[in-house]
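Right, one structure below, let's go through it.
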Amino acid sequence: MIDLSAREREHEHAPPGPRWRSALHTLRHDLPASLVVFLVAVPLSLGIALASGAPVVAGLIAAIVGGIVAGSLGGSALQVSGPAAGLTVIMAETIAEFGWAATCAITMLAGLLQILFGLSRVARAALAISPAIVHGMLAGIGVTIVLAQLHVVLGGSAQSSPVDNLLQLPRQLVALHGQATLLGLLTIAVLLIWGRLPAAVRKVPGPLVAIAGITVLSVAAGMNVPRVDVPSNVLEIRFVPMLPDGGWFDFGLAAVTVALVASVESLLSAVATDKMHTGPRADLNRELVGQGAANLASGALGGLPVTGVIVRSSTNVQSGARSRASAVLHGLWVLLFVAVLAGLIRNIPLAALAGLLVHVGARLVNVEHIKDVLRHGDLPVYLITLGGVVAFDLLTGVLIGLGTAAVIMLRRLLWAGIHAERDGEEWRVVVEGALSALSIPRLSTVLGGIPRGTRVTLELVVDYLDHAAFDLLSGWQQAHERAGGRVLVDEIGHPWFERGKAGEPTVHRARAKPVVPRWFAPWSQWQRGQEDLAVEVPAQRSPESSMRRGMVEFERRTAELVRPILSRLANVHEPQTLFLTCGDARIVPNLITSSGPGDLFTIRNIGNLVPDHALCEEGADASIGASLEFAVDVLKVREIVVCGHSSCGAMKALIDGAPADSPALRAWLRHAAPSLERAQRHPRLAIEGEVPGSEADQLALHNVLQQLDRLREYPTIARAQARGDIELVGMYFDVGAARVHLYDAESGTFTSAGRRIVTG
């Protein structure tokens with residue numbers, strides 16, 4: 001079963017009174033919107049039928065059925081369906097090959113396929129088609145329509161193919177046919193000018209003004225030009241859809257083609273329509289079922305195939321429609337028009353409809369779409385699809401476009417950037433991307449240019465390394481080292497080649513240890529590749545000191561990435577946080593706070609201590625006081641964080657006593673004496689409800705709170721707190737567990753920072 005939208009379910013269960021009032025309120029918006037869409041739909045439906053080579057009434061039947069059936073059953077509340085310009089090329093070819101009666105049967109079969117698509121819930125799969133292909137297809141259709149209808153505008157008749165139309169166009173331009181040409185050009189001129197008039201004037205649809213105005217002009221002037229040929233009673237259907245006598249494969253292929261193209265166009269139109277309003281989102285599977293039912297009915301009644309049409313849908317939204325009632329009403333207005341005013345249709349000049357189609361076709365070549373595909377690097381797919389549709393046919397053009405997109409995607413997936421550069425007396429070979437057999441010619445050339453006996457760093461930044469590339473790298477590495485050279489392999493990312501010299505490739509990511517990203521793991525402990533680490537960390541380039549290696553890593557990998565932000569910060573120093581922590585090398589403030597340049601003003605000392613402010617005023621230990629005053633009074637930080645940590649050497653020294661031969665350390669730890677007294681007087685502190693077993697860790701927790709109290713004694717901080725300008729935060733980092741805990745004054749415990757953020 002197909003689910004109703006949330007708004008429809010709400011209306012189903014609403015009390016009768018409010019539901020009727022809501023319906024009347026919605027109808028107040030839907031009624032005028034439906035009239036505007038009706039005025040746009042009539043001339044477009046006639047023009048599309050003309051371009052398709054179908055009976056003119058077939059376009060109106062499709063508009064009626066699209067409005068009533070697809071509007072009632074579809075999954076998009078504001079999408080309007082009817083005959084679409086995107087199918088004109090396919091329908092022209094289908095009608096020419098099978099005849100009109102069999103084409104109606106194809107439309108019915110396509111409708112059945114669409115219903116099956118919708119019930120199979122595969123609608124979203126159609127959205128996997130590249131937008132460049134869809135836009136290229138529409139542009140190709142637009143070019144085809146323009147080339148064909150220009151001949152009609154110029155008073156002639158369209159040729160059998162777009163290429164023939166293009167070749168014959170110069171001769172047609174020379175042999176202009178006076179009155180018909182004038183009417184066609186006037187129609188195009190009205191449509192072009194109408195879009196530039198004030199909004200109040202443009203409330204009347206341009207197509208209606210153009211067709212109605214040109215028709216009145218032609219009748220009033222008594223022009224003898226070809227006009228629309230419709231039967232006296234357009235509602236009298238004198239045929240039934242018929243199956244062909246043979247050619248069943250081509251018949252089935254045509255039905256599948258119509259079903260696929262109509263489905264894709266309807267789904268894309270529904271998605272585009274959703275972007276124009278804030279109401280319920282489209283149910284795409286239900287939309288396919290509604291479109292299928294409409295095509296089943298349209299084919300049975302002698303109409304063209306039905307799709308969602310973005311021109312009518314956007315008009316519907318812009319006109320203020322609130323529900324599917326607008327689309328249904330527009331279909332009823334078309335039916336009323338056909339039943340009562342069909343005689344007026346016979347007065348419309350064919351050249352006027354052709355001018356309308358030229359304008360519609362030209363708009364299918366959308367400049368914004370071209371800019372969009374250009375930005376995404378898909379212009380070749382767009383142009384090749386467009387050219388294929390024009391040169392061959394729609395299905396062939398789309399298939400060529402799909403093939404081109406696949407080739408480009410494959411190239412992007414398997415692309416590898418390879419280059420060598422001299423680094424002093426050494427060489428560096430950098431390989432980036434996916435290294436496959438396709439890259440072997442380039443890789444072999446670059447490696448062949450490395451002098452024998454040199455020291456080489458092979459820097460691999462690869463997403464994938466296939467068998468052929470692995471063999472080439474492994475063989476070259478062994479040959480280069482046999483010739484007296486040395487090859488250091490530096491893999492940034494997944495270690496595809498880590499055992500290349502041994503000839504043991506890493507084929508699947510699951511067979512290797514998890515790898516920490518290189519930008520995250522440059523420091524010494526991880527560089528050593530200890531066996532007890534749960535993750536693997538790539539080794540650095542050379543056996544130099546870790547600091548030297550880190551500098552080289554920064555220059556080569558990080559500097560380019562951080563230069564933009566650092567250049568903006570060069571003359572701006574506005575940190576929000578003063579971070580006071582221990583000098584312990586295991587505490588990396590920016591790492592445990594996920595911060596970066598310009599975020600933290602950091603003070604570090606042994607034991608994250610704050611001396612008594614009176615001592616600072618007397619000149620002793622003034623560095624901490626000066627830093628605090630600078631951060632609060634000059635930098636205007638908004639918070640001060642005191643961060644203690646587990647396994648703190650200062651806390652252990654405070655408990656056990658500092659070494660006798662370290663007088664400066666003993667003197668400094670006197671500032672922590674109040675923390676030791678606090679831990680002895682106050683109850684033990686807990687972390688996540690558990691009391692640490694280590695006395696040093698317990699002391700570290702009390703030390704954090706003692707330093708917060710010390711900070712409150714500083715006049716500059718007391719004044720900022722009184723103004724509400726600053727917040728003091730107690731923090732504890734469990735080194736072994738890599739967990740951050742914040743002090744909660746209400747509970748008197750340290751709780752997980754993650755839990756504090758999530759819960760409030």
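Within each chain, counting starts at residue 1; across the structure tokens, chains are named A, B, ... in the order shown, with ligands numbered 1 upward in that order.
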
Problem set entry | Non-local contacts of Val289 of chain A (9 Å; only C-alpha atoms; under 6 positions in same chain excluded) as number ranges by chain | A: 2, 70, 73-75, 111-112, 114-119

For this session: Pull the helix (DSSP H, G or I) assignments for segment 121-218 of chain A out of DSSP run on the backbone, and list those residues as number ranges by chain.
Result: A: 123-128, 131-153, 162-174, 178-194, 199-202, 206-218

For this session: Skip segment 665-680 of chain A itself and residues of its chain fewer than 2 positions away, then list as a VMD selection string all residues within 8 Å of it, counting only C-alpha atoms.
Result: chain A and resid 607 609 to 612 650 654 to 655 658 to 660 662 to 663 682 to 684 698 to 699 702 to 703 706

Produce a file of the selected residues containing N, CA, C and O atoms, as a short mmCIF file (atom, residue, chain, number, x, y, z; two decimals), in the first residue's frame.
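Written output follows (selection16.cif):
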```cif
data_model
loop_
_atom_site.label_atom_id
_atom_site.label_comp_id
_atom_site.auth_asym_id
_atom_site.auth_seq_id
_atom_site.Cartn_x
_atom_site.Cartn_y
_atom_site.Cartn_z
N GLY A 607 52.40 20.94 37.79
CA GLY A 607 51.25 20.75 38.68
C GLY A 607 50.09 21.68 38.45
O GLY A 607 49.18 21.74 39.28
N LEU A 609 49.62 24.89 38.85
CA LEU A 609 49.43 25.63 40.09
C LEU A 609 49.25 27.13 39.84
O LEU A 609 49.76 27.68 38.87
N VAL A 610 48.53 27.77 40.78
CA VAL A 610 48.32 29.22 40.76
C VAL A 610 48.87 29.77 42.08
O VAL A 610 48.32 29.49 43.16
N PRO A 611 49.94 30.55 42.06
CA PRO A 611 50.49 31.11 43.30
C PRO A 611 49.52 32.09 43.95
O PRO A 611 48.60 32.63 43.31
N ASP A 612 49.70 32.31 45.22
CA ASP A 612 48.91 33.29 45.95
C ASP A 612 49.10 34.66 45.29
O ASP A 612 50.21 35.07 44.97
N ALA A 650 53.94 15.81 39.64
CA ALA A 650 53.96 16.85 40.67
C ALA A 650 53.18 16.41 41.90
O ALA A 650 53.60 16.67 43.05
N LEU A 654 54.54 15.77 45.65
CA LEU A 654 53.94 16.45 46.79
C LEU A 654 53.66 15.48 47.92
O LEU A 654 53.83 15.79 49.10
N ILE A 655 53.24 14.28 47.55
CA ILE A 655 52.94 13.25 48.56
C ILE A 655 54.22 12.64 49.12
O ILE A 655 54.39 12.49 50.34
N ALA A 658 59.67 16.12 47.27
CA ALA A 658 60.52 16.36 46.11
C ALA A 658 61.96 16.00 46.43
O ALA A 658 62.38 16.02 47.60
N PRO A 659 62.74 15.62 45.42
CA PRO A 659 64.14 15.28 45.65
C PRO A 659 64.88 16.42 46.35
O PRO A 659 64.66 17.60 46.06
N ALA A 660 65.79 16.05 47.25
CA ALA A 660 66.52 17.06 48.04
C ALA A 660 67.42 17.91 47.17
O ALA A 660 67.70 19.08 47.51
N SER A 662 66.72 19.12 44.34
CA SER A 662 65.91 19.93 43.41
C SER A 662 65.27 21.08 44.18
O SER A 662 64.05 21.10 44.43
N PRO A 663 66.08 22.05 44.63
CA PRO A 663 65.53 23.13 45.47
C PRO A 663 64.47 23.98 44.78
O PRO A 663 63.50 24.41 45.41
N HIS A 682 38.81 17.29 53.23
CA HIS A 682 37.54 17.13 52.54
C HIS A 682 37.29 15.68 52.15
O HIS A 682 38.24 14.89 52.04
N PRO A 683 36.00 15.33 51.88
CA PRO A 683 35.68 13.97 51.43
C PRO A 683 36.38 13.67 50.10
O PRO A 683 36.70 14.58 49.33
N ARG A 684 36.56 12.41 49.82
CA ARG A 684 37.20 12.00 48.58
C ARG A 684 36.30 12.33 47.39
O ARG A 684 35.08 12.18 47.45
N GLN A 698 43.71 11.24 43.38
CA GLN A 698 42.76 11.92 44.27
C GLN A 698 43.24 13.33 44.59
O GLN A 698 42.47 14.29 44.59
N LEU A 699 44.55 13.46 44.85
CA LEU A 699 45.11 14.78 45.12
C LEU A 699 45.01 15.68 43.89
O LEU A 699 44.74 16.89 44.03
N HIS A 702 41.55 17.28 43.87
CA HIS A 702 41.42 18.37 44.84
C HIS A 702 42.27 19.56 44.43
O HIS A 702 41.88 20.72 44.67
N ASN A 703 43.40 19.28 43.79
CA ASN A 703 44.27 20.37 43.35
C ASN A 703 43.58 21.27 42.33
O ASN A 703 43.75 22.49 42.33
N GLN A 706 41.28 23.51 44.27
CA GLN A 706 42.04 24.48 45.04
C GLN A 706 42.55 25.62 44.16
O GLN A 706 42.52 26.80 44.54
#
```

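Each of A:His480, A:His467, A:Arg124, A:His645 was compared to Leu447 of chain A using only C-alpha atoms, and A:His480 turns out to be the nearest.
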
For this session: Go through A:Leu711, A:Met91, A:Ala469, A:Leu208 and flag the residue nearest Ile348 of chain A, using only C-alpha atoms for the distances.
Result: A:Leu208

Exercise. Between A:Val642, A:Leu296, A:Leu288, A:Ala41, which is the closest to Arg312 of chain A once you count only C-alpha atoms?
Worked result: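 Among the listed residues, the smallest separation from Arg312 of chain A belongs to A:Ala41.
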